[in-house]
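Chemist: One structure is given below, represented as structure tokens, and several questions about it will come after.
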Amino acid sequence: SVLKLTPGEESGDEEDIVAELNGKHSVVMVGGKCVIANEQINPTFGYSDITFSSQADFIARYANRPVGHGRQKTSIGKAWLSHPKRRQFEEIVFAPGQEVPGHLNLDKGFAVQPKKGDCSRFQEHIRNNICKGDEDISNYLFAWMADAVQNRARRPGIAVVLRGQEGTGKGVFCSQFGSLFGPHFIQVSQA
């Protein structure tokens, strides 16, 4: 059915559509271009992910869902784009643990919740396999790891490079520690 609206009036249907799309999308400026940020859950890893679409692609995505305005119909994508209550940001930032009004913060926090447990096997793996039993190197690596967790907004200026034979547990160390950061971590295995 066609929504009959008088100027300045919103129907419950239109409010629901705007709320639905605001929950998944926002308009944002990226590199001088106006794009649509699409927020979704990555089905493989279970963490939130953001992709960007052009306005044309966004409209095409919702072209099969018409909504009426007065006597005309349009897609919900076009209706949302022109709605004054659409969600929008000035630009994107990566600001861990900070609120930046008017900006889309790509930081989604840690990928796991803290939980009491015993990590002594992991610590021993780091000491004995990754650091070859060297106490100074172990202490440095533990301090580097602690700083990465405690000061996420600050770049450490140092990248840890692990070299060794296959099967020594380098990948286990990286994947387990990196899993704390979810989509903000990548393990590079080739120079």
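Simple scheme: letters A, B, ... for chains in structure tokens order, numbers from 1 for residues in each chain, numbers from 1 for ligands in the order shown.
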Please return as a PyMOL selection string: the residues of chain A that backbone DSSP assigns to strand (DSSP E).
Modeler: chain A and resi 25-30+33-41+48-53+66-69+72-75+88-89+91-93+103-105
Chemist: If we count only C-alpha atoms and set the cut-off at 9 Å, which residues sit around A:Phe181, ignoring sequence neighbours fewer than 5 positions away in its own chain? Please answer as a PyMOL selection string.
Modeler: chain A and resi 108-112+149
Chemist: Hey, can you spit out that residue selection with C-alpha atoms as a PDB file, in the first residue's frame?
Modeler:
```
ATOM      1  CA  LYS A 108      35.101  -2.374  17.991  1.00  0.00           C
ATOM      2  CA  GLY A 109      37.013  -3.191  21.174  1.00  0.00           C
ATOM      3  CA  PHE A 110      38.422  -6.540  22.133  1.00  0.00           C
ATOM      4  CA  ALA A 111      37.070  -9.649  20.447  1.00  0.00           C
ATOM      5  CA  VAL A 112      36.848 -11.566  23.742  1.00  0.00           C
ATOM      6  CA  VAL A 149      46.585  -4.626  25.330  1.00  0.00           C
TER       7      VAL A 149
END
```
Chemist: Which residues are near stretch 17-22 of chain A? Cut-off 8 Å, only C-alpha atoms, ignore same chain within fewer than 2 positions. Put them as a compact mmCIF listing (two decimals) with all heavy atoms, in the first residue's frame.
Modeler:
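Writing done, so here's part.txt:
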```txt
# COMPACT_ATOMS: atom_id res chain seq x y z
N ASP A 13 5.55 3.07 9.60
CA ASP A 13 6.33 2.24 8.68
C ASP A 13 7.64 2.92 8.32
O ASP A 13 8.68 2.28 8.28
CB ASP A 13 5.52 1.96 7.41
CG ASP A 13 4.33 1.06 7.67
OD1 ASP A 13 4.34 0.34 8.70
OD2 ASP A 13 3.40 1.07 6.85
N GLU A 14 7.59 4.19 8.02
CA GLU A 14 8.80 4.91 7.63
C GLU A 14 9.78 4.97 8.80
O GLU A 14 10.98 4.77 8.60
CB GLU A 14 8.45 6.32 7.16
CG GLU A 14 9.62 7.02 6.53
CD GLU A 14 9.26 8.33 5.86
OE1 GLU A 14 8.06 8.67 5.80
OE2 GLU A 14 10.18 9.00 5.40
N GLU A 15 9.30 5.20 10.00
CA GLU A 15 10.18 5.22 11.17
C GLU A 15 10.84 3.86 11.37
O GLU A 15 12.02 3.78 11.70
CB GLU A 15 9.39 5.62 12.42
CG GLU A 15 9.00 7.07 12.46
CD GLU A 15 8.15 7.41 13.67
OE1 GLU A 15 8.01 6.56 14.57
OE2 GLU A 15 7.63 8.53 13.70
N LYS A 24 22.09 -0.79 10.48
CA LYS A 24 23.05 -1.51 9.63
C LYS A 24 23.94 -0.60 8.80
O LYS A 24 24.98 -1.03 8.33
CB LYS A 24 22.30 -2.42 8.66
CG LYS A 24 21.45 -3.49 9.27
CD LYS A 24 20.94 -4.39 8.17
CE LYS A 24 19.44 -4.39 8.12
NZ LYS A 24 18.89 -5.24 7.07
N HIS A 25 23.50 0.63 8.57
CA HIS A 25 24.19 1.49 7.62
C HIS A 25 24.36 2.91 8.15
O HIS A 25 23.63 3.34 9.04
CB HIS A 25 23.39 1.58 6.30
CG HIS A 25 23.05 0.25 5.72
ND1 HIS A 25 23.97 -0.55 5.09
CD2 HIS A 25 21.87 -0.42 5.67
CE1 HIS A 25 23.37 -1.67 4.68
NE2 HIS A 25 22.09 -1.61 5.02
N SER A 26 25.29 3.62 7.55
CA SER A 26 25.45 5.05 7.82
C SER A 26 26.10 5.69 6.60
O SER A 26 26.80 5.03 5.84
CB SER A 26 26.29 5.30 9.07
OG SER A 26 27.56 4.70 8.95
N ILE A 76 13.39 1.55 -0.49
CA ILE A 76 13.71 1.99 0.87
C ILE A 76 15.12 2.57 0.92
O ILE A 76 15.42 3.41 1.76
CB ILE A 76 13.51 0.89 1.93
CG1 ILE A 76 14.48 -0.27 1.74
CG2 ILE A 76 12.07 0.42 1.98
CD1 ILE A 76 14.50 -1.24 2.91
N TRP A 80 15.69 6.14 2.53
CA TRP A 80 16.59 6.30 3.67
C TRP A 80 17.64 7.36 3.38
O TRP A 80 17.94 8.20 4.24
CB TRP A 80 17.25 4.96 4.01
CG TRP A 80 18.20 5.04 5.16
CD1 TRP A 80 17.90 5.05 6.49
CD2 TRP A 80 19.63 5.11 5.07
NE1 TRP A 80 19.06 5.13 7.23
CE2 TRP A 80 20.13 5.16 6.39
CE3 TRP A 80 20.53 5.12 4.02
CZ2 TRP A 80 21.49 5.24 6.67
CZ3 TRP A 80 21.90 5.20 4.29
CH2 TRP A 80 22.35 5.26 5.61
N HIS A 83 16.28 10.75 3.89
CA HIS A 83 15.58 10.99 5.16
C HIS A 83 16.45 11.83 6.10
O HIS A 83 17.65 11.57 6.26
CB HIS A 83 15.23 9.66 5.82
CG HIS A 83 14.15 9.79 6.84
ND1 HIS A 83 14.40 10.24 8.12
CD2 HIS A 83 12.82 9.56 6.76
CE1 HIS A 83 13.26 10.26 8.79
NE2 HIS A 83 12.29 9.86 7.99
N LYS A 85 16.62 11.79 9.25
CA LYS A 85 17.07 11.06 10.44
C LYS A 85 17.99 9.88 10.11
O LYS A 85 18.25 9.04 10.97
CB LYS A 85 15.86 10.56 11.25
CG LYS A 85 15.09 11.69 11.88
CD LYS A 85 13.98 11.16 12.76
CE LYS A 85 13.21 12.31 13.40
NZ LYS A 85 12.08 11.82 14.19
N ARG A 86 18.50 9.84 8.87
CA ARG A 86 19.46 8.77 8.56
C ARG A 86 20.70 8.97 9.42
O ARG A 86 21.01 10.09 9.84
CB ARG A 86 19.82 8.79 7.08
CG ARG A 86 20.73 9.96 6.74
CD ARG A 86 21.15 9.98 5.31
NE ARG A 86 22.15 11.02 5.09
CZ ARG A 86 22.47 11.50 3.94
NH1 ARG A 86 21.87 11.04 2.84
NH2 ARG A 86 23.40 12.43 3.83
N ARG A 87 21.39 7.89 9.67
CA ARG A 87 22.61 7.96 10.46
C ARG A 87 23.75 8.39 9.55
O ARG A 87 23.93 7.81 8.48
CB ARG A 87 22.90 6.60 11.09
CG ARG A 87 23.99 6.61 12.13
CD ARG A 87 24.00 5.32 12.92
NE ARG A 87 24.33 4.18 12.11
CZ ARG A 87 25.31 3.32 12.37
NH1 ARG A 87 26.04 3.45 13.44
NH2 ARG A 87 25.54 2.31 11.58
```
Chemist: Counting only C-alpha atoms, which of A:Val172, A:Met145, A:Phe122, A:Leu104 gets nearest to A:Glu91?
Modeler: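 Residue with the minimum atom-to-atom distance to A:Glu91: A:Leu104.
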Chemist: Could you check which of A:Ala143, A:Ala37, A:Ala63, A:Leu162 is closest to A:Phe89, using only C-alpha atoms?
Modeler: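 Closest to A:Phe89, using only C-alpha atoms: A:Ala37.
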Chemist: Could you name the residues that touch A:Cys174 at 7 Å or less, counting only C-alpha atoms, but leaving out those on the same chain fewer than 4 positions away, as number ranges by chain?
Modeler: A: 170, 178, 187
Chemist: Neighbours of A:Gln98 within 9 Å (only C-alpha atoms; same-chain residues fewer than 2 positions away dropped), as a ChimeraX atom specification?
Modeler: /A:95-96,100,105,107,153
Chemist: Just checking: using only C-alpha atoms, which residue out of A:Gly46, A:Gly167, A:Gly97, A:Gly68 ends up closest to A:Arg154?
Modeler: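 Residue with the minimum atom-to-atom distance to A:Arg154: A:Gly97.
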